[in-house]
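*Asks:* Please find run-v5.cif (mmCIF, N, CA, C and O atoms) on the next line:
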```
data_input
loop_
_atom_site.label_atom_id
_atom_site.label_comp_id
_atom_site.auth_asym_id
_atom_site.auth_seq_id
_atom_site.Cartn_x
_atom_site.Cartn_y
_atom_site.Cartn_z
N PRO A 266 68.56 108.59 59.06
CA PRO A 266 69.71 109.13 58.33
C PRO A 266 69.26 109.92 57.10
O PRO A 266 68.20 109.67 56.55
N ASP A 267 70.08 110.85 56.69
CA ASP A 267 69.79 111.62 55.48
C ASP A 267 69.85 110.75 54.23
O ASP A 267 69.12 110.98 53.27
N LEU A 268 70.74 109.77 54.25
CA LEU A 268 70.93 108.92 53.08
C LEU A 268 71.54 107.60 53.51
O LEU A 268 72.49 107.56 54.29
N VAL A 269 70.98 106.51 53.00
CA VAL A 269 71.56 105.18 53.19
C VAL A 269 72.24 104.81 51.89
O VAL A 269 71.67 104.96 50.81
N ILE A 270 73.47 104.34 52.00
CA ILE A 270 74.24 103.97 50.82
C ILE A 270 74.37 102.46 50.78
O ILE A 270 74.91 101.84 51.69
N TYR A 271 73.84 101.88 49.73
CA TYR A 271 73.87 100.43 49.53
C TYR A 271 74.90 100.15 48.44
O TYR A 271 74.66 100.40 47.26
N LEU A 272 76.05 99.65 48.84
CA LEU A 272 77.09 99.26 47.88
C LEU A 272 76.77 97.84 47.42
O LEU A 272 76.96 96.89 48.16
N ARG A 273 76.26 97.72 46.22
CA ARG A 273 75.79 96.44 45.71
C ARG A 273 76.77 95.87 44.70
O ARG A 273 77.28 96.58 43.85
N ALA A 274 77.01 94.56 44.83
CA ALA A 274 77.88 93.87 43.87
C ALA A 274 77.37 92.45 43.68
O ALA A 274 76.78 91.86 44.59
N GLU A 275 77.62 91.93 42.52
CA GLU A 275 77.26 90.54 42.23
C GLU A 275 78.17 89.60 43.03
O GLU A 275 79.33 89.94 43.31
N PRO A 276 77.66 88.43 43.40
CA PRO A 276 78.46 87.50 44.20
C PRO A 276 79.82 87.15 43.61
O PRO A 276 80.80 87.02 44.34
N GLU A 277 79.90 87.05 42.29
CA GLU A 277 81.18 86.70 41.66
C GLU A 277 82.23 87.79 41.92
O GLU A 277 83.40 87.48 42.19
N LEU A 278 81.81 89.04 41.85
CA LEU A 278 82.73 90.14 42.15
C LEU A 278 83.11 90.14 43.62
O LEU A 278 84.27 90.34 43.98
N LEU A 279 82.13 89.90 44.47
CA LEU A 279 82.42 89.84 45.91
C LEU A 279 83.44 88.74 46.20
O LEU A 279 84.39 88.96 46.96
N LEU A 280 83.24 87.57 45.61
CA LEU A 280 84.18 86.47 45.84
C LEU A 280 85.58 86.81 45.33
O LEU A 280 86.58 86.47 45.97
N ALA A 281 85.66 87.47 44.18
CA ALA A 281 86.97 87.86 43.64
C ALA A 281 87.66 88.84 44.59
O ALA A 281 88.87 88.72 44.84
N ARG A 282 86.91 89.77 45.13
CA ARG A 282 87.50 90.75 46.05
C ARG A 282 87.87 90.11 47.38
O ARG A 282 88.88 90.47 47.99
N ILE A 283 87.07 89.17 47.83
CA ILE A 283 87.40 88.43 49.05
C ILE A 283 88.71 87.67 48.85
O ILE A 283 89.60 87.69 49.71
N GLU A 284 88.85 87.03 47.71
CA GLU A 284 90.08 86.29 47.40
C GLU A 284 91.27 87.25 47.35
O GLU A 284 92.35 86.95 47.87
N GLN A 285 91.08 88.40 46.75
CA GLN A 285 92.15 89.39 46.63
C GLN A 285 92.60 89.88 48.00
O GLN A 285 93.79 90.07 48.24
N ARG A 286 91.64 90.11 48.91
CA ARG A 286 91.99 90.58 50.26
C ARG A 286 92.74 89.53 51.06
O ARG A 286 93.60 89.85 51.85
N GLY A 287 92.36 88.27 50.86
CA GLY A 287 93.07 87.18 51.52
C GLY A 287 92.80 87.06 53.02
O GLY A 287 93.62 86.50 53.74
N ARG A 288 91.66 87.56 53.49
CA ARG A 288 91.33 87.44 54.91
C ARG A 288 90.81 86.04 55.19
O ARG A 288 89.79 85.62 54.62
N PRO A 289 91.48 85.29 56.06
CA PRO A 289 91.08 83.91 56.31
C PRO A 289 89.61 83.75 56.73
O PRO A 289 88.94 82.82 56.30
N PHE A 290 89.10 84.66 57.55
CA PHE A 290 87.74 84.51 58.05
C PHE A 290 86.67 84.73 56.97
O PHE A 290 85.52 84.35 57.14
N GLU A 291 87.06 85.29 55.82
CA GLU A 291 86.10 85.50 54.73
C GLU A 291 86.13 84.38 53.70
O GLU A 291 85.18 84.23 52.92
N ARG A 292 87.15 83.61 53.69
CA ARG A 292 87.34 82.62 52.62
C ARG A 292 86.29 81.52 52.57
O ARG A 292 86.09 80.91 51.52
N ALA A 293 85.60 81.28 53.65
CA ALA A 293 84.60 80.22 53.68
C ALA A 293 83.28 80.64 53.04
O ALA A 293 82.39 79.81 52.84
N MET A 294 83.14 81.90 52.69
CA MET A 294 81.88 82.37 52.10
C MET A 294 81.66 81.71 50.75
O MET A 294 82.57 81.61 49.93
N GLN A 295 80.43 81.29 50.54
CA GLN A 295 80.06 80.62 49.29
C GLN A 295 79.21 81.53 48.43
O GLN A 295 78.51 82.41 48.94
N ALA A 296 79.23 81.31 47.12
CA ALA A 296 78.46 82.12 46.19
C ALA A 296 76.96 82.05 46.50
O ALA A 296 76.26 83.07 46.42
N ASP A 297 76.46 80.89 46.86
CA ASP A 297 75.03 80.76 47.17
C ASP A 297 74.64 81.63 48.36
O ASP A 297 73.58 82.27 48.35
N TYR A 298 75.48 81.65 49.37
CA TYR A 298 75.22 82.51 50.54
C TYR A 298 75.18 83.98 50.12
O TYR A 298 74.28 84.73 50.50
N LEU A 299 76.14 84.40 49.31
CA LEU A 299 76.20 85.79 48.87
C LEU A 299 75.02 86.14 47.96
O LEU A 299 74.50 87.25 48.04
N ARG A 300 74.57 85.20 47.13
CA ARG A 300 73.40 85.44 46.29
C ARG A 300 72.15 85.65 47.15
O ARG A 300 71.37 86.57 46.92
N GLU A 301 71.98 84.82 48.16
CA GLU A 301 70.84 84.95 49.06
C GLU A 301 70.91 86.26 49.84
O GLU A 301 69.91 86.96 50.00
N LEU A 302 72.08 86.59 50.33
CA LEU A 302 72.26 87.83 51.07
C LEU A 302 71.95 89.04 50.19
O LEU A 302 71.24 89.97 50.61
N THR A 303 72.44 89.02 48.96
CA THR A 303 72.18 90.12 48.02
C THR A 303 70.69 90.24 47.73
O THR A 303 70.14 91.34 47.72
N ALA A 304 70.01 89.11 47.52
CA ALA A 304 68.57 89.13 47.26
C ALA A 304 67.81 89.73 48.44
O ALA A 304 66.87 90.52 48.25
N ARG A 305 68.22 89.39 49.63
CA ARG A 305 67.54 89.93 50.82
C ARG A 305 67.80 91.43 50.99
O ARG A 305 66.90 92.19 51.33
N TYR A 306 69.03 91.86 50.75
CA TYR A 306 69.31 93.30 50.81
C TYR A 306 68.53 94.04 49.72
O TYR A 306 67.97 95.12 49.97
N ASP A 307 68.48 93.48 48.52
CA ASP A 307 67.71 94.11 47.45
C ASP A 307 66.26 94.29 47.86
O ASP A 307 65.67 95.36 47.68
N ALA A 308 65.66 93.24 48.41
CA ALA A 308 64.26 93.30 48.84
C ALA A 308 64.08 94.33 49.95
O ALA A 308 63.12 95.11 49.95
N TYR A 309 64.99 94.33 50.89
CA TYR A 309 64.89 95.28 52.00
C TYR A 309 64.95 96.73 51.51
O TYR A 309 64.12 97.55 51.89
N PHE A 310 65.91 97.03 50.67
CA PHE A 310 66.08 98.41 50.24
C PHE A 310 65.02 98.86 49.24
O PHE A 310 64.78 100.06 49.08
N ARG A 311 64.33 97.91 48.57
CA ARG A 311 63.21 98.29 47.71
C ARG A 311 62.08 98.92 48.51
O ARG A 311 61.33 99.75 47.99
N THR A 312 61.94 98.53 49.77
CA THR A 312 60.84 99.03 50.59
C THR A 312 61.32 99.93 51.73
O THR A 312 60.52 100.32 52.57
N TYR A 313 62.59 100.28 51.73
CA TYR A 313 63.13 101.13 52.78
C TYR A 313 62.44 102.50 52.72
O TYR A 313 62.32 103.09 51.64
N PRO A 314 62.00 103.01 53.86
CA PRO A 314 61.21 104.25 53.85
C PRO A 314 62.00 105.54 53.65
O PRO A 314 61.41 106.60 53.46
N GLY A 315 63.30 105.49 53.67
CA GLY A 315 64.10 106.70 53.54
C GLY A 315 64.79 106.79 52.19
O GLY A 315 64.50 106.03 51.26
N HIS A 316 65.72 107.74 52.10
CA HIS A 316 66.51 107.91 50.88
C HIS A 316 67.58 106.82 50.81
O HIS A 316 68.35 106.65 51.76
N VAL A 317 67.61 106.12 49.70
CA VAL A 317 68.61 105.07 49.48
C VAL A 317 69.33 105.36 48.17
O VAL A 317 68.70 105.60 47.14
N LEU A 318 70.65 105.33 48.23
CA LEU A 318 71.47 105.41 47.03
C LEU A 318 72.07 104.02 46.81
O LEU A 318 72.87 103.55 47.63
N THR A 319 71.64 103.36 45.76
CA THR A 319 72.22 102.06 45.42
C THR A 319 73.37 102.29 44.46
O THR A 319 73.19 102.86 43.38
N VAL A 320 74.54 101.88 44.88
CA VAL A 320 75.76 102.08 44.10
C VAL A 320 76.21 100.74 43.55
O VAL A 320 76.38 99.77 44.30
N ASP A 321 76.40 100.67 42.25
CA ASP A 321 76.94 99.47 41.62
C ASP A 321 78.44 99.43 41.94
O ASP A 321 79.23 100.17 41.33
N ALA A 322 78.80 98.60 42.88
CA ALA A 322 80.18 98.54 43.35
C ALA A 322 81.15 98.03 42.28
O ALA A 322 82.36 98.21 42.43
N SER A 323 80.64 97.45 41.21
CA SER A 323 81.54 96.98 40.15
C SER A 323 82.19 98.16 39.42
O SER A 323 83.19 97.97 38.73
N HIS A 324 81.65 99.35 39.58
CA HIS A 324 82.22 100.53 38.93
C HIS A 324 83.37 101.15 39.74
O HIS A 324 84.01 102.09 39.28
N TYR A 325 83.59 100.64 40.93
CA TYR A 325 84.59 101.22 41.83
C TYR A 325 85.55 100.13 42.30
O TYR A 325 85.11 99.04 42.67
N ASP A 326 86.82 100.45 42.31
CA ASP A 326 87.84 99.52 42.78
C ASP A 326 88.93 100.34 43.46
O ASP A 326 89.84 100.86 42.81
N PHE A 327 88.82 100.48 44.78
CA PHE A 327 89.75 101.33 45.53
C PHE A 327 91.16 100.77 45.56
O PHE A 327 92.11 101.52 45.77
N VAL A 328 91.31 99.49 45.37
CA VAL A 328 92.64 98.87 45.40
C VAL A 328 93.40 99.17 44.11
O VAL A 328 94.54 99.64 44.15
N CYS A 329 92.76 98.92 42.98
CA CYS A 329 93.43 99.12 41.69
C CYS A 329 93.33 100.55 41.17
O CYS A 329 94.17 100.98 40.38
N ARG A 330 92.30 101.27 41.61
CA ARG A 330 92.09 102.64 41.14
C ARG A 330 91.79 103.54 42.34
O ARG A 330 90.63 103.81 42.65
N PRO A 331 92.81 104.01 43.04
CA PRO A 331 92.60 104.82 44.24
C PRO A 331 91.73 106.06 44.01
O PRO A 331 91.03 106.50 44.93
N ASP A 332 91.72 106.61 42.81
CA ASP A 332 90.88 107.78 42.53
C ASP A 332 89.39 107.47 42.60
O ASP A 332 88.56 108.38 42.69
N ASP A 333 89.05 106.20 42.58
CA ASP A 333 87.64 105.82 42.67
C ASP A 333 87.01 106.25 43.99
O ASP A 333 85.81 106.48 44.06
N GLU A 334 87.83 106.38 45.02
CA GLU A 334 87.29 106.83 46.31
C GLU A 334 86.67 108.22 46.17
O GLU A 334 85.55 108.47 46.62
N GLN A 335 87.39 109.14 45.53
CA GLN A 335 86.87 110.49 45.34
C GLN A 335 85.65 110.49 44.42
O GLN A 335 84.70 111.25 44.63
N ALA A 336 85.67 109.63 43.42
CA ALA A 336 84.52 109.53 42.51
C ALA A 336 83.28 109.06 43.26
O ALA A 336 82.18 109.60 43.07
N LEU A 337 83.46 108.09 44.13
CA LEU A 337 82.32 107.59 44.92
C LEU A 337 81.84 108.67 45.88
O LEU A 337 80.62 108.88 46.03
N LEU A 338 82.75 109.37 46.53
CA LEU A 338 82.35 110.44 47.44
C LEU A 338 81.57 111.54 46.70
O LEU A 338 80.58 112.07 47.23
N ALA A 339 81.96 111.85 45.48
CA ALA A 339 81.24 112.84 44.69
C ALA A 339 79.84 112.33 44.33
O ALA A 339 78.86 113.08 44.38
N HIS A 340 79.75 111.06 43.99
CA HIS A 340 78.46 110.43 43.68
C HIS A 340 77.53 110.52 44.91
O HIS A 340 76.35 110.87 44.77
N ILE A 341 78.07 110.24 46.07
CA ILE A 341 77.29 110.30 47.31
C ILE A 341 76.87 111.74 47.60
O ILE A 341 75.71 112.01 47.93
N ALA A 342 77.80 112.67 47.48
CA ALA A 342 77.50 114.08 47.76
C ALA A 342 76.37 114.58 46.86
O ALA A 342 75.49 115.32 47.30
N ALA A 343 76.39 114.16 45.60
CA ALA A 343 75.35 114.58 44.65
C ALA A 343 73.98 114.00 45.02
O ALA A 343 72.95 114.58 44.69
N ALA A 344 73.98 112.87 45.69
CA ALA A 344 72.73 112.20 46.05
C ALA A 344 72.15 112.66 47.38
O ALA A 344 71.00 112.38 47.68
N LEU A 345 72.95 113.37 48.17
CA LEU A 345 72.45 113.83 49.47
C LEU A 345 71.29 114.78 49.27
O LEU A 345 71.35 115.69 48.44
N PRO A 346 70.22 114.58 50.04
CA PRO A 346 69.09 115.50 49.93
C PRO A 346 69.49 116.90 50.38
O PRO A 346 70.28 117.05 51.31
N THR A 347 68.95 117.87 49.70
CA THR A 347 69.20 119.25 50.11
C THR A 347 68.28 119.59 51.27
O THR A 347 67.31 118.89 51.54
N ARG A 348 68.58 120.67 51.95
CA ARG A 348 67.74 121.08 53.09
C ARG A 348 66.31 121.34 52.66
O ARG A 348 65.39 121.06 53.40
N THR A 349 66.09 121.87 51.45
CA THR A 349 64.73 122.13 51.02
C THR A 349 63.98 120.83 50.77
O THR A 349 62.78 120.76 51.02
N GLU A 350 64.68 119.79 50.30
CA GLU A 350 64.04 118.49 50.12
C GLU A 350 63.62 117.90 51.45
O GLU A 350 62.66 117.16 51.54
N GLU A 351 64.38 118.19 52.49
CA GLU A 351 64.09 117.65 53.81
C GLU A 351 62.99 118.44 54.50
O GLU A 351 62.53 118.07 55.57
N GLY A 352 62.61 119.58 53.93
CA GLY A 352 61.59 120.39 54.54
C GLY A 352 62.09 121.34 55.60
O GLY A 352 61.33 121.83 56.42
N THR A 353 63.40 121.62 55.60
CA THR A 353 63.97 122.53 56.60
C THR A 353 64.62 123.73 55.94
O THR A 353 65.67 124.17 56.33
N ALA A 354 64.00 124.22 54.89
CA ALA A 354 64.58 125.35 54.14
C ALA A 354 64.67 126.59 54.98
O ALA A 354 63.97 126.84 55.88
#
```
Just give me the structure as structure tokens.
*Replies:*
Amino acid sequence: PDLVIYLRAEPELLLARIEQRGRPFERAMQADYLRELTARYDAYFRTYPGHVLTVDASHYDFVCRPDDEQALLAHIAAALPTRTEEGTA
């Protein structure tokens, strides 16, 4: 892929958003599980061989601030490698 986008959030924020969504199948998730999952994703993306954009998901809230979607899309667009960076100028 041209760019991998890692939407990262602390477990407490994830749990708050899970609670807000109210999806029954997500409610059993525990903070310890989310901490371990986050640590593993962090380790994986530190050594990922391609372009990775790590986005602090705490800065975006599509439910309370719908304009955040466009802000995130602009952030992603700015991070996309240009053709010259890819070697296909």
*Asks:* Using only C-alpha atoms, which residues sit within 6 Å of range 315-329 of chain A once same-chain residues fewer than 4 positions away are excluded, as an MDAnalysis selection string?
*Replies:* chainID A and resid 268:274 333
*Asks:* When the PyMOL selection byres ((chain A and resi 295-312) around 7) is applied to the structure above, which residues does it catch, written out as a list of chain:residue names?
*Replies:*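 When the PyMOL selection byres ((chain A and resi 295-312) around 7) is applied, the selected residues are A:Ala274, A:Glu275, A:Pro276, A:Glu277, A:Glu291, A:Arg292, A:Ala293, A:Met294, A:Tyr313, A:Pro314, A:Gly315, A:Val317.
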*Asks:* In Å to one decimal, how far is atom C of Arg330 in chain A from atom O of Ala343 in chain A?
*Replies:* 22.0 Å
*Asks:* Atom N of Ile341 in chain A to CA of Asp267 in chain A: how many Å, to one decimal?
*Replies:*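 That distance, rounded to one decimal, is 12.6 Å.
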*Asks:* For a test of reading the model, state the distance in Å between atom O of Ile283 in chain A and atom O of Pro331 in chain A, rounded to one decimal.
*Replies:* 19.5 Å
*Asks:* Could you pull out the helix (DSSP H, G or I) residues of chain A, going by DSSP on the backbone, and write them as a ChimeraX atom specification?
*Replies:* /A:276-286,289-291,296-311,322-324,333-344,348-351
*Asks:* Once 8 Å is added on each side, what are the centre and the three edge lengths, in Å to one decimal, of the axis-aligned box enclosing the listed atoms of range 315-323 of chain A? Present them as AutoDock Vina command-line options.
*Replies:*
```
--center_x 73.2 --center_y 102.4 --center_z 46.2 --size_x 35.9 --size_y 26.9 --size_z 30.9
```
*Asks:* Within chain A, find each residue whose DSSP state, derived from the backbone, is strand (DSSP E), and express the selection as a PyMOL selection string.
*Replies:* chain A and resi 269-273+317-321
